[in-house]
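Colleague: Input: one structure, supplied below.
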Number of protein chains: 2
Amino acid sequence: MQSSMPTRQDLLDCHTRIKPYIHRTAVLSSTAINDIAGAEIFFKCENFQRMGAFKMRGASNAILQLSDAQRTNGVVTHSSGNMAQAVSLAAHSLDIPAYIVMPENAPQVKKEAVKGYGGQITESVSTIEARQAAADALIDQYAATFIHPSNDLDVILGQGTAAMELLEEQPDLDVVAVPVGGGGLLAGTALAVHHFGKNCKTIAGEPRAADDAYLSLKAGKIIKNLKADTIADGLRTHLGDINFPIIQQYVDEIIRVEEGEIIAAMRLVWERMKIIIEPSCAVPLAAILVEKAKFAGQKIGIVITGGNVDLGKLPF
Amino acid sequence: MQSSMPTRQDLLDCHTRIKPYIHRTAVLSSTAINDIAGAEIFFKCENFQRMGAFKMRGASNAILQLSDAQRTNGVVTHSSGNMAQAVSLAAHSLDIPAYIVMPENAPQVKKEAVKGYGGQITESVSTIEARQAAADALIDQYAATFIHPSNDLDVILGQGTAAMELLEEQPDLDVVAVPVGGGGLLAGTALAVHHFGKNCKTIAGEPRAADDAYLSLKAGKIIKNLKADTIADGLRTHLGDINFPIIQQYVDEIIRVEEGEIIAAMRLVWERMKIIIEPSCAVPLAAILVEKAKFAGQKIGIVITGGNVDLGKLPF
């Protein structure tokens with residue numbers, strides 16, 4: 001656990017460090033969606049980020065701070081989704097070996113993407129214990145460095161740069177909204193909003209079917225999901241001891257939404273904005289639409305977290 | 001038929017006229033697609049245009065040139081697709097009545113979109129004769145002005161502004177590629193490339209299943225499709241006497257592609273660029289990929305014509 005909160009300068013240094021390795025993604029808006037929401041919404045399109053998700057930011061920041069010896073030995077992560085691709089691509093950009101533990105039941109298309117970015121896959125049973133055990137074995141075998149997908153301060157800072165860029169373009173946002181899963185994006189965003197926003201709040205959307213972050217904030221301690229049966233597959237994980245204190249200190253509210261609301265918000269963005277977003281990204285928009293009265297007339301930033309969806313398995 | 005070809009100034013005037021009524025759409029590119037194509041491709045994203053397609057440009061240009069009396073009486077078009085929405089929205093922006101003939105079997109979602117933009121729908125049997133007859137009746141009834149979706153010089157000039165903007169951002173393109181259906185976009189693009197390109201060619205992609213433009217160019221006269229069984233639903237129409245001479249004079253080549261190639265190119269853009277494009281827009285990319293050797297190393301502009309797809313009926 002960090003002894004003190006990251007500073008404004010930490011975020012600026014992080015942004016400078018990763019800039020050559022990431023895209024500065026577009027900020028889009030939609031008159032039709034603004035009309036529906038009764039608010040002015042600015043979407044930070046991390047679905048256009050390298051490998052298709054914001055995770056490229058955190059992965060790059062963590063990997064760029066490895067020593068020469070650590071770079072030689074490589075990095076390890078376990079993920080069935082975007083972090084597997086992000087660590088693979090970020091490591092590949094720097095010629096560093098990347099060992100990725102993926103559940104054996106992960107979609108073939110995601111395994112292919114990781115291989116395409118040069119990641120070396122180890123398959124494991126899909127329990128969190130088995131994945132961690134497989135990762136530990138790789139760490140031992142290669143003396144490689146483990147990069148946690150969300151509970152790592154360098155990852156958190158990297159994820160925060162999306163909101164930094166958004167606030168650079170739209171400095172007077174009233175709210176920045178993101179989804180919460182493992183908590184890395186939410187913690188990073190809250191730090192960025194704290195240091196770079198002007199009277200700006202950080203809120204999160206969370207599926208009611210996996211509302212561990214909502215419950216954790218309420219209880220004042222990390223509570224894990226008993227089950228997490230949500231379409232927002234990026235949000236099934238739980239908070240960690242590094243991101244939770246940041247979330248406790250700087251996040252204003254977590255709004256829970258139903259599965260149908262997530263799917264409707266996702267479809268709205270596909271149909272009106274003509275961009276492909278993952279179910280997870282639709283969660284903060286769903287939250288804004290559910291609490292329309294609260295956000296009426298406000299300027300709202302939403303981080304569109306990614307666009308890696310299986311086109312063969314759409315919910316509509 | 002026009003007595004002489006439209007000039008550079010005609011295009012500049014048109015662009016100035018319609019600018020307040022259209023979005024200046026983004027130009028995107030994808031490293032992954034460039035690697036696959038072995039060329040550098042710039043996508044002009046008219047799927048982000050108002051009402052989701054380039055047709056907004058031509059419709060606006062035609063409607064903005066009506067006299068006050070004509071504006072009072074309103075406009076008529078027949079279309080099952082984007083032109084219906086474009087004329088409705090452009091007319092709505094100027095408080096002009098829009099009478100839209102749509103085939104009775106047009107998807108409900110498209111009828112709803114037209115109504116949402118304020119268009120007044122008359123349903124007809126879906127044959128071209130019945131649609132024209134219904135349009136003629138409306139013209140008589142309201143003394144309204146007919147706007148053809150593609151065979152109208154003002155529409156052609158409007159459509160050409162997409163390539164103008166693309167060439168403003170990427171002045172040294174070797175090729176601009178668009179799909180060809182009714183021929184309005186192709187004729188307008190060819191004019192823009194002629195007047196604003198530097199040694200730049202205009203090519204079109206066309207579905208082999210509806211290759212009337214390819215055959216027309218070869219025969220030196222307009223040939224109509226006997227059938228047009230293609231997924232590229234925007235390209236089932238045929239050329240007209242106003243756009244054909246422009247196409248004959250300024251278009252370098254029409255490349256025909258198979259249905260499977262169209263679907264694969266569409267999926268490639270969805271998966272790699274995270275943007276939603278209609279099947280029609282995938283046709284020029286499919287043509288570039290089919291003729292890879294010919295375009296190797298070139299700088300290519302592609303107009304992404306629109307993003308209005310029925311998410312419930314995807315080909316993948």
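Residues are referred to by chain and number: the chain letter is A, B, ... according to the order shown in the structure tokens, the number counts from 1 in that chain, and ligands are numbered separately from 1 in the order shown.
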Do a neighbour search on A:Ala90 at 7 Å with only C-alpha atoms, toss out local chain neighbours closer than 2 positions, and write the hits as a list in words.

Modeller: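 Listed by chain and then number, they are Met56, Ala59, Ser60, Ala86, Val87, Ser88, His92, Ser93 and Leu94 of chain A.
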
Colleague: Tell me, which residues of stretch 56-214 of chain B carry DSSP alpha helix (DSSP H), written as a CSV table (one decimal) with N, CA, C and O atoms, in the first residue's frame?

Modeller:
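The resulting file, selection.csv, is reproduced below:
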```csv
chain,number,residue,atom,x,y,z
B,56,MET,N,-26.1,13.5,-46.4
B,56,MET,CA,-26.5,14.8,-45.8
B,56,MET,C,-25.9,15.9,-46.6
B,56,MET,O,-26.4,17.0,-46.6
B,57,ARG,N,-24.7,15.7,-47.2
B,57,ARG,CA,-24.0,16.7,-47.9
B,57,ARG,C,-24.8,17.1,-49.2
B,57,ARG,O,-25.1,18.3,-49.4
B,58,GLY,N,-25.1,16.1,-50.0
B,58,GLY,CA,-25.9,16.4,-51.3
B,58,GLY,C,-27.3,16.9,-51.0
B,58,GLY,O,-27.7,17.9,-51.7
B,59,ALA,N,-27.9,16.3,-50.0
B,59,ALA,CA,-29.3,16.8,-49.7
B,59,ALA,C,-29.3,18.2,-49.3
B,59,ALA,O,-30.1,19.0,-49.7
B,60,SER,N,-28.3,18.6,-48.4
B,60,SER,CA,-28.2,20.0,-48.0
B,60,SER,C,-28.0,20.9,-49.1
B,60,SER,O,-28.6,22.0,-49.2
B,61,ASN,N,-27.0,20.5,-50.0
B,61,ASN,CA,-26.7,21.4,-51.1
B,61,ASN,C,-27.9,21.7,-52.0
B,61,ASN,O,-28.2,22.8,-52.5
B,62,ALA,N,-28.7,20.6,-52.3
B,62,ALA,CA,-29.8,20.8,-53.2
B,62,ALA,C,-30.9,21.6,-52.5
B,62,ALA,O,-31.4,22.5,-53.1
B,63,ILE,N,-31.2,21.4,-51.3
B,63,ILE,CA,-32.2,22.1,-50.6
B,63,ILE,C,-31.9,23.5,-50.3
B,63,ILE,O,-32.8,24.4,-50.4
B,64,LEU,N,-30.6,23.8,-50.1
B,64,LEU,CA,-30.2,25.2,-49.8
B,64,LEU,C,-30.4,26.1,-51.0
B,64,LEU,O,-30.3,27.3,-50.9
B,68,ASP,N,-37.5,30.8,-52.3
B,68,ASP,CA,-38.4,30.9,-51.1
B,68,ASP,C,-39.7,30.1,-51.4
B,68,ASP,O,-40.2,29.4,-50.6
B,69,ALA,N,-40.2,30.3,-52.7
B,69,ALA,CA,-41.5,29.7,-53.0
B,69,ALA,C,-41.3,28.1,-53.0
B,69,ALA,O,-42.1,27.4,-52.4
B,70,GLN,N,-40.2,27.7,-53.5
B,70,GLN,CA,-39.9,26.2,-53.5
B,70,GLN,C,-39.8,25.7,-52.0
B,70,GLN,O,-40.3,24.6,-51.7
B,71,ARG,N,-39.2,26.5,-51.2
B,71,ARG,CA,-39.0,26.1,-49.8
B,71,ARG,C,-40.4,25.9,-49.1
B,71,ARG,O,-40.6,25.0,-48.3
B,72,THR,N,-41.2,26.9,-49.4
B,72,THR,CA,-42.6,26.8,-48.8
B,72,THR,C,-43.3,25.6,-49.2
B,72,THR,O,-44.0,24.9,-48.4
B,73,ASN,N,-43.2,25.2,-50.5
B,73,ASN,CA,-43.9,24.0,-51.0
B,73,ASN,C,-43.3,22.7,-50.6
B,73,ASN,O,-44.0,21.7,-50.6
B,82,ASN,N,-30.7,5.9,-46.8
B,82,ASN,CA,-30.1,7.1,-46.3
B,82,ASN,C,-30.6,8.4,-46.8
B,82,ASN,O,-30.7,9.4,-46.2
B,83,MET,N,-31.0,8.4,-48.2
B,83,MET,CA,-31.4,9.7,-48.8
B,83,MET,C,-32.7,10.1,-48.1
B,83,MET,O,-33.0,11.3,-48.0
B,84,ALA,N,-33.6,9.2,-47.7
B,84,ALA,CA,-34.8,9.5,-47.1
B,84,ALA,C,-34.5,10.3,-45.8
B,84,ALA,O,-35.2,11.3,-45.5
B,85,GLN,N,-33.6,9.8,-45.0
B,85,GLN,CA,-33.2,10.5,-43.8
B,85,GLN,C,-32.5,11.8,-44.0
B,85,GLN,O,-32.7,12.8,-43.3
B,86,ALA,N,-31.6,11.8,-45.0
B,86,ALA,CA,-30.9,13.0,-45.3
B,86,ALA,C,-31.8,14.2,-45.7
B,86,ALA,O,-31.7,15.3,-45.3
B,87,VAL,N,-32.7,13.9,-46.7
B,87,VAL,CA,-33.6,14.9,-47.1
B,87,VAL,C,-34.5,15.4,-46.0
B,87,VAL,O,-34.8,16.6,-45.8
B,88,SER,N,-35.0,14.4,-45.2
B,88,SER,CA,-35.8,14.8,-44.0
B,88,SER,C,-35.1,15.7,-43.1
B,88,SER,O,-35.6,16.8,-42.7
B,89,LEU,N,-33.9,15.4,-42.7
B,89,LEU,CA,-33.1,16.2,-41.8
B,89,LEU,C,-32.7,17.5,-42.3
B,89,LEU,O,-32.8,18.5,-41.7
B,90,ALA,N,-32.2,17.5,-43.6
B,90,ALA,CA,-31.8,18.8,-44.2
B,90,ALA,C,-33.0,19.7,-44.3
B,90,ALA,O,-32.9,20.9,-44.1
B,91,ALA,N,-34.1,19.2,-44.7
B,91,ALA,CA,-35.3,20.0,-44.9
B,91,ALA,C,-35.8,20.5,-43.5
B,91,ALA,O,-36.1,21.7,-43.3
B,92,HIS,N,-35.7,19.6,-42.5
B,92,HIS,CA,-36.1,20.0,-41.1
B,92,HIS,C,-35.2,21.1,-40.6
B,92,HIS,O,-35.8,22.1,-39.9
B,93,SER,N,-33.9,21.1,-40.9
B,93,SER,CA,-33.0,22.2,-40.4
B,93,SER,C,-33.5,23.5,-41.0
B,93,SER,O,-33.1,24.5,-40.4
B,108,GLN,N,-38.8,-1.0,-40.4
B,108,GLN,CA,-39.5,-0.1,-39.5
B,108,GLN,C,-38.5,0.9,-38.9
B,108,GLN,O,-38.9,2.1,-38.7
B,109,VAL,N,-37.3,0.5,-38.6
B,109,VAL,CA,-36.3,1.3,-37.9
B,109,VAL,C,-36.0,2.5,-38.8
B,109,VAL,O,-35.8,3.6,-38.4
B,110,LYS,N,-36.0,2.3,-40.2
B,110,LYS,CA,-35.7,3.4,-41.1
B,110,LYS,C,-36.9,4.3,-41.2
B,110,LYS,O,-36.7,5.6,-41.3
B,111,LYS,N,-38.1,3.8,-41.2
B,111,LYS,CA,-39.3,4.6,-41.2
B,111,LYS,C,-39.3,5.5,-39.9
B,111,LYS,O,-39.6,6.7,-40.0
B,112,GLU,N,-39.0,4.9,-38.8
B,112,GLU,CA,-39.0,5.7,-37.6
B,112,GLU,C,-37.9,6.8,-37.6
B,112,GLU,O,-38.2,7.9,-37.1
B,113,ALA,N,-36.8,6.5,-38.2
B,113,ALA,CA,-35.7,7.5,-38.3
B,113,ALA,C,-36.2,8.7,-39.1
B,113,ALA,O,-36.0,9.9,-38.8
B,114,VAL,N,-36.9,8.4,-40.3
B,114,VAL,CA,-37.4,9.5,-41.2
B,114,VAL,C,-38.4,10.3,-40.4
B,114,VAL,O,-38.4,11.5,-40.4
B,115,LYS,N,-39.3,9.6,-39.7
B,115,LYS,CA,-40.3,10.4,-38.9
B,115,LYS,C,-39.6,11.2,-37.8
B,115,LYS,O,-40.0,12.3,-37.6
B,116,GLY,N,-38.6,10.6,-37.2
B,116,GLY,CA,-37.9,11.4,-36.2
B,116,GLY,C,-37.3,12.7,-36.7
B,116,GLY,O,-37.1,13.6,-36.0
B,128,ILE,N,-39.5,0.4,-58.7
B,128,ILE,CA,-39.0,1.7,-59.0
B,128,ILE,C,-40.1,2.6,-59.7
B,128,ILE,O,-40.3,3.8,-59.4
B,129,GLU,N,-41.0,1.9,-60.5
B,129,GLU,CA,-42.1,2.6,-61.2
B,129,GLU,C,-43.1,3.1,-60.1
B,129,GLU,O,-43.5,4.3,-60.2
B,130,ALA,N,-43.5,2.2,-59.2
B,130,ALA,CA,-44.5,2.6,-58.2
B,130,ALA,C,-43.9,3.8,-57.3
B,130,ALA,O,-44.7,4.7,-57.0
B,131,ARG,N,-42.7,3.7,-57.0
B,131,ARG,CA,-42.1,4.7,-56.2
B,131,ARG,C,-42.1,6.1,-56.9
B,131,ARG,O,-42.4,7.1,-56.3
B,132,GLN,N,-41.7,6.0,-58.2
B,132,GLN,CA,-41.7,7.3,-58.9
B,132,GLN,C,-43.1,7.8,-59.1
B,132,GLN,O,-43.3,9.1,-59.0
B,133,ALA,N,-44.1,7.0,-59.3
B,133,ALA,CA,-45.5,7.4,-59.5
B,133,ALA,C,-45.9,8.1,-58.2
B,133,ALA,O,-46.6,9.1,-58.2
B,134,ALA,N,-45.6,7.5,-57.1
B,134,ALA,CA,-46.0,8.1,-55.8
B,134,ALA,C,-45.4,9.4,-55.6
B,134,ALA,O,-46.0,10.4,-55.1
B,135,ALA,N,-44.1,9.5,-56.0
B,135,ALA,CA,-43.4,10.8,-55.8
B,135,ALA,C,-44.0,11.8,-56.8
B,135,ALA,O,-44.3,13.0,-56.3
B,136,ASP,N,-44.3,11.4,-58.0
B,136,ASP,CA,-45.0,12.3,-58.9
B,136,ASP,C,-46.3,12.9,-58.4
B,136,ASP,O,-46.6,14.1,-58.5
B,137,ALA,N,-47.0,12.0,-57.7
B,137,ALA,CA,-48.3,12.4,-57.2
B,137,ALA,C,-48.1,13.5,-56.1
B,137,ALA,O,-48.9,14.5,-56.0
B,138,LEU,N,-47.1,13.3,-55.3
B,138,LEU,CA,-46.8,14.3,-54.2
B,138,LEU,C,-46.3,15.6,-54.8
B,138,LEU,O,-46.7,16.7,-54.3
B,139,ILE,N,-45.5,15.5,-55.9
B,139,ILE,CA,-45.0,16.7,-56.6
B,139,ILE,C,-46.2,17.5,-57.1
B,139,ILE,O,-46.3,18.7,-56.9
B,140,ASP,N,-47.2,16.8,-57.7
B,140,ASP,CA,-48.4,17.5,-58.2
B,140,ASP,C,-49.2,18.1,-57.0
B,140,ASP,O,-49.6,19.2,-57.1
B,141,GLN,N,-49.4,17.3,-56.0
B,141,GLN,CA,-50.3,17.7,-54.9
B,141,GLN,C,-49.8,18.9,-54.2
B,141,GLN,O,-50.5,19.8,-53.8
B,142,TYR,N,-48.4,19.0,-53.9
B,142,TYR,CA,-47.9,20.1,-53.1
B,142,TYR,C,-47.1,21.1,-53.9
B,142,TYR,O,-46.5,22.0,-53.4
B,153,LEU,N,-27.2,17.4,-60.2
B,153,LEU,CA,-25.9,18.0,-60.1
B,153,LEU,C,-25.6,18.7,-58.7
B,153,LEU,O,-24.4,18.6,-58.3
B,154,ASP,N,-26.6,19.2,-58.1
B,154,ASP,CA,-26.3,19.8,-56.8
B,154,ASP,C,-26.0,18.7,-55.8
B,154,ASP,O,-25.2,18.9,-54.9
B,155,VAL,N,-26.7,17.6,-55.9
B,155,VAL,CA,-26.4,16.4,-55.0
B,155,VAL,C,-25.0,15.9,-55.3
B,155,VAL,O,-24.3,15.7,-54.3
B,156,ILE,N,-24.7,15.8,-56.5
B,156,ILE,CA,-23.3,15.3,-56.9
B,156,ILE,C,-22.2,16.2,-56.3
B,156,ILE,O,-21.3,15.8,-55.7
B,157,LEU,N,-22.4,17.6,-56.5
B,157,LEU,CA,-21.4,18.5,-55.9
B,157,LEU,C,-21.3,18.3,-54.4
B,157,LEU,O,-20.3,18.3,-53.8
B,158,GLY,N,-22.5,18.2,-53.7
B,158,GLY,CA,-22.5,18.1,-52.3
B,158,GLY,C,-21.7,16.8,-51.9
B,158,GLY,O,-20.9,16.9,-51.0
B,159,GLN,N,-22.0,15.7,-52.5
B,159,GLN,CA,-21.3,14.5,-52.2
B,159,GLN,C,-19.8,14.6,-52.4
B,159,GLN,O,-19.0,14.0,-51.7
B,160,GLY,N,-19.4,15.4,-53.4
B,160,GLY,CA,-17.9,15.6,-53.7
B,160,GLY,C,-17.2,16.3,-52.5
B,160,GLY,O,-16.0,16.2,-52.5
B,161,THR,N,-17.9,17.0,-51.7
B,161,THR,CA,-17.2,17.8,-50.6
B,161,THR,C,-16.5,16.8,-49.6
B,161,THR,O,-15.6,17.3,-48.9
B,162,ALA,N,-17.0,15.6,-49.5
B,162,ALA,CA,-16.3,14.7,-48.6
B,162,ALA,C,-14.8,14.5,-49.0
B,162,ALA,O,-13.9,14.5,-48.2
B,163,ALA,N,-14.7,14.2,-50.3
B,163,ALA,CA,-13.3,14.0,-50.9
B,163,ALA,C,-12.5,15.3,-50.8
B,163,ALA,O,-11.3,15.3,-50.6
B,164,MET,N,-13.2,16.5,-51.0
B,164,MET,CA,-12.5,17.8,-50.9
B,164,MET,C,-11.9,17.9,-49.5
B,164,MET,O,-10.7,18.3,-49.4
B,165,GLU,N,-12.6,17.6,-48.5
B,165,GLU,CA,-12.1,17.7,-47.1
B,165,GLU,C,-11.0,16.7,-46.9
B,165,GLU,O,-10.0,17.0,-46.2
B,166,LEU,N,-11.2,15.5,-47.4
B,166,LEU,CA,-10.1,14.5,-47.3
B,166,LEU,C,-8.8,14.9,-47.9
B,166,LEU,O,-7.7,14.8,-47.3
B,167,LEU,N,-8.9,15.5,-49.1
B,167,LEU,CA,-7.7,16.0,-49.8
B,167,LEU,C,-7.1,17.3,-49.1
B,167,LEU,O,-5.9,17.5,-49.3
B,168,GLU,N,-8.0,18.0,-48.4
B,168,GLU,CA,-7.4,19.1,-47.6
B,168,GLU,C,-6.5,18.6,-46.5
B,168,GLU,O,-5.4,19.1,-46.3
B,169,GLU,N,-6.9,17.5,-45.9
B,169,GLU,CA,-6.1,16.9,-44.8
B,169,GLU,C,-4.9,16.1,-45.3
B,169,GLU,O,-3.9,16.0,-44.7
B,184,GLY,N,-23.9,9.2,-57.6
B,184,GLY,CA,-23.7,10.5,-57.2
B,184,GLY,C,-22.4,10.8,-56.4
B,184,GLY,O,-21.7,11.7,-56.7
B,185,LEU,N,-22.1,9.9,-55.5
B,185,LEU,CA,-20.9,10.0,-54.7
B,185,LEU,C,-19.7,9.8,-55.6
B,185,LEU,O,-18.7,10.6,-55.5
B,186,LEU,N,-19.7,8.9,-56.5
B,186,LEU,CA,-18.6,8.6,-57.4
B,186,LEU,C,-18.3,9.8,-58.3
B,186,LEU,O,-17.2,10.3,-58.5
B,187,ALA,N,-19.4,10.4,-58.9
B,187,ALA,CA,-19.2,11.5,-59.8
B,187,ALA,C,-18.7,12.7,-59.0
B,187,ALA,O,-17.7,13.4,-59.4
B,188,GLY,N,-19.2,13.0,-57.8
B,188,GLY,CA,-18.8,14.1,-57.0
B,188,GLY,C,-17.3,13.9,-56.6
B,188,GLY,O,-16.6,14.9,-56.6
B,189,THR,N,-17.0,12.7,-56.2
B,189,THR,CA,-15.6,12.4,-55.8
B,189,THR,C,-14.7,12.6,-56.9
B,189,THR,O,-13.6,13.2,-56.7
B,190,ALA,N,-15.0,12.2,-58.1
B,190,ALA,CA,-14.2,12.3,-59.3
B,190,ALA,C,-13.9,13.8,-59.6
B,190,ALA,O,-12.8,14.2,-59.9
B,191,LEU,N,-15.0,14.6,-59.5
B,191,LEU,CA,-14.8,16.0,-59.7
B,191,LEU,C,-13.8,16.6,-58.7
B,191,LEU,O,-12.9,17.4,-59.0
B,192,ALA,N,-14.0,16.3,-57.4
B,192,ALA,CA,-13.2,16.8,-56.3
B,192,ALA,C,-11.7,16.4,-56.5
B,192,ALA,O,-10.8,17.2,-56.4
B,193,VAL,N,-11.5,15.1,-56.9
B,193,VAL,CA,-10.2,14.6,-57.1
B,193,VAL,C,-9.5,15.3,-58.3
B,193,VAL,O,-8.4,15.7,-58.3
B,194,HIS,N,-10.3,15.5,-59.4
B,194,HIS,CA,-9.8,16.2,-60.6
B,194,HIS,C,-9.4,17.7,-60.2
B,194,HIS,O,-8.3,18.1,-60.6
B,195,HIS,N,-10.2,18.3,-59.4
B,195,HIS,CA,-9.9,19.8,-59.1
B,195,HIS,C,-9.0,20.0,-58.0
B,195,HIS,O,-8.4,21.0,-57.9
B,196,PHE,N,-8.9,19.0,-57.0
B,196,PHE,CA,-8.1,19.3,-55.8
B,196,PHE,C,-7.0,18.3,-55.6
B,196,PHE,O,-6.2,18.5,-54.7
B,212,ASP,N,-23.5,-2.9,-62.6
B,212,ASP,CA,-24.0,-2.1,-63.8
B,212,ASP,C,-23.0,-0.9,-64.1
B,212,ASP,O,-22.9,-0.6,-65.3
B,213,ALA,N,-22.4,-0.3,-63.1
B,213,ALA,CA,-21.5,0.8,-63.4
B,213,ALA,C,-20.2,0.3,-64.1
B,213,ALA,O,-19.8,1.0,-65.1
B,214,TYR,N,-19.7,-0.8,-63.7
B,214,TYR,CA,-18.6,-1.4,-64.4
B,214,TYR,C,-18.9,-1.7,-65.9
B,214,TYR,O,-18.2,-1.3,-66.8
```

Colleague: Using only C-alpha atoms and a cut-off of 7 Å, which residues of chain A sit close to chain B? Please list them as a list in words.

Modeller: Asn47, Phe48, Met273, Lys274, Ile275, Ile276, Gly307, Leu311, Gly312 and Phe316 of chain A

Colleague: Could you please take those selected residues and save C-alpha atoms as a PDB file, in the first residue's frame?

Modeller:
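Dumped everything to result_8.pdb:
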```pdb
ATOM      1  CA  ASN A  47     -11.804   1.979 -27.995  1.00  0.00           C
ATOM      2  CA  PHE A  48      -9.540   3.689 -30.565  1.00  0.00           C
ATOM      3  CA  MET A 273     -22.388   7.254 -32.579  1.00  0.00           C
ATOM      4  CA  LYS A 274     -21.435   4.456 -34.999  1.00  0.00           C
ATOM      5  CA  ILE A 275     -18.639   3.299 -32.746  1.00  0.00           C
ATOM      6  CA  ILE A 276     -18.082  -0.146 -31.303  1.00  0.00           C
ATOM      7  CA  GLY A 307     -14.001  -1.874 -28.196  1.00  0.00           C
ATOM      8  CA  LEU A 311     -19.002  -9.745 -33.066  1.00  0.00           C
ATOM      9  CA  GLY A 312     -20.396 -13.253 -33.189  1.00  0.00           C
ATOM     10  CA  PHE A 316     -28.800  -7.555 -29.824  1.00  0.00           C
TER      11      PHE A 316
END
```

Colleague: Using only C-alpha atoms, which protein or nucleic acid residues come within 6 Å of A:Gly74? Drop anything in the same chain fewer than 5 positions from it, and give the result as a ChimeraX atom specification.

Modeller: /A:96-98,144

Colleague: Okay, now the selection with N, CA, C and O atoms, as a short mmCIF file (atom, residue, chain, number, x, y, z; two decimals), in the first residue's frame?

Modeller:
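Written out: selection24.cif:
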```cif
data_model
loop_
_atom_site.label_atom_id
_atom_site.label_comp_id
_atom_site.auth_asym_id
_atom_site.auth_seq_id
_atom_site.Cartn_x
_atom_site.Cartn_y
_atom_site.Cartn_z
N ILE A 96 10.47 -6.85 -24.91
CA ILE A 96 10.52 -7.52 -23.61
C ILE A 96 9.64 -8.77 -23.69
O ILE A 96 8.53 -8.70 -24.22
N PRO A 97 10.11 -9.90 -23.18
CA PRO A 97 9.23 -11.09 -23.20
C PRO A 97 8.00 -10.89 -22.32
O PRO A 97 8.10 -10.30 -21.25
N ALA A 98 6.85 -11.36 -22.79
CA ALA A 98 5.60 -11.25 -22.00
C ALA A 98 5.00 -12.64 -21.85
O ALA A 98 4.72 -13.31 -22.85
N ALA A 144 10.67 -13.26 -13.77
CA ALA A 144 9.94 -12.20 -14.46
C ALA A 144 9.15 -11.35 -13.45
O ALA A 144 8.92 -11.78 -12.32
#
```

Colleague: Between atom CA of A:Ile33 and atom CA of A:Leu285, what is the spacing in Å?

Modeller: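 Distance reported for this atom pair: 9.8 Å.
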
Colleague: To test your reading of the structure, identify every residue in stretch 49-286 of chain B that backbone DSSP assigns to strand (DSSP E), and report it as a PyMOL selection string.

Modeller: chain B and resi 75-78+98-103+120-124+145-146+175-179+201-207+253-257

Colleague: Print the selection's residues with C-alpha atoms to a file, as an mmCIF file, in the first residue's frame.

Modeller:
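After the write, again-v2.cif holds the following:
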```cif
data_model
loop_
_atom_site.group_PDB
_atom_site.id
_atom_site.type_symbol
_atom_site.label_atom_id
_atom_site.label_comp_id
_atom_site.auth_asym_id
_atom_site.auth_seq_id
_atom_site.Cartn_x
_atom_site.Cartn_y
_atom_site.Cartn_z
ATOM 1 C CA VAL B 75 -39.344 18.666 -51.256
ATOM 2 C CA VAL B 76 -39.971 15.094 -52.363
ATOM 3 C CA THR B 77 -37.660 12.131 -52.665
ATOM 4 C CA HIS B 78 -38.020 8.371 -52.853
ATOM 5 C CA ALA B 98 -40.229 16.877 -46.707
ATOM 6 C CA TYR B 99 -42.395 14.232 -48.408
ATOM 7 C CA ILE B 100 -40.659 10.880 -48.520
ATOM 8 C CA VAL B 101 -41.803 7.919 -50.583
ATOM 9 C CA MET B 102 -40.639 4.700 -48.944
ATOM 10 C CA PRO B 103 -41.316 1.129 -50.037
ATOM 11 C CA GLN B 120 -43.753 12.770 -43.942
ATOM 12 C CA ILE B 121 -43.845 9.236 -45.283
ATOM 13 C CA THR B 122 -45.941 7.941 -48.164
ATOM 14 C CA GLU B 123 -45.698 4.191 -48.576
ATOM 15 C CA SER B 124 -45.628 2.577 -52.001
ATOM 16 C CA THR B 145 -39.545 19.960 -55.708
ATOM 17 C CA PHE B 146 -38.183 16.517 -56.457
ATOM 18 C CA VAL B 175 -6.000 7.310 -55.023
ATOM 19 C CA VAL B 176 -9.442 8.095 -53.655
ATOM 20 C CA ALA B 177 -11.770 5.105 -53.587
ATOM 21 C CA VAL B 178 -15.527 5.094 -53.070
ATOM 22 C CA PRO B 179 -18.369 2.664 -53.690
ATOM 23 C CA LYS B 201 -6.847 8.811 -59.303
ATOM 24 C CA THR B 202 -10.495 8.138 -58.570
ATOM 25 C CA ILE B 203 -11.529 4.513 -58.420
ATOM 26 C CA ALA B 204 -14.702 2.780 -57.365
ATOM 27 C CA GLY B 205 -15.474 -0.556 -55.815
ATOM 28 C CA GLU B 206 -18.634 -2.277 -56.991
ATOM 29 C CA PRO B 207 -20.281 -5.554 -55.988
ATOM 30 C CA GLU B 253 -11.283 2.291 -62.818
ATOM 31 C CA ILE B 254 -14.111 0.312 -61.312
ATOM 32 C CA ILE B 255 -13.052 -2.835 -59.455
ATOM 33 C CA ARG B 256 -15.606 -5.557 -58.829
ATOM 34 C CA VAL B 257 -15.677 -7.597 -55.628
#
```

Colleague: Can you pull out the residues contacting B:Gly234? Cut-off 8 Å, using only C-alpha atoms, and skip same-chain residues under 6 positions away; I want them as a list in words.

Modeller: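 Those residues are Gly81, Gly181 and Ser280 of chain B.
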
Colleague: Pick out the residues sitting within 7 Å of stretch 292-302 of chain A, and hand them over as a ChimeraX atom specification; count only C-alpha atoms, and ignore anything fewer than 4 positions along from it in its own chain.

Modeller: /A:37-44,173-178,284,288

Colleague: At a cut-off of 12 Å, using only C-alpha atoms, what residues contact B:Leu226? Leave out same-chain residues fewer than 6 positions from it and give the result as JSON, numbers by chain.

Modeller: {"B": [209, 210, 211, 212, 215, 236, 237, 238]}
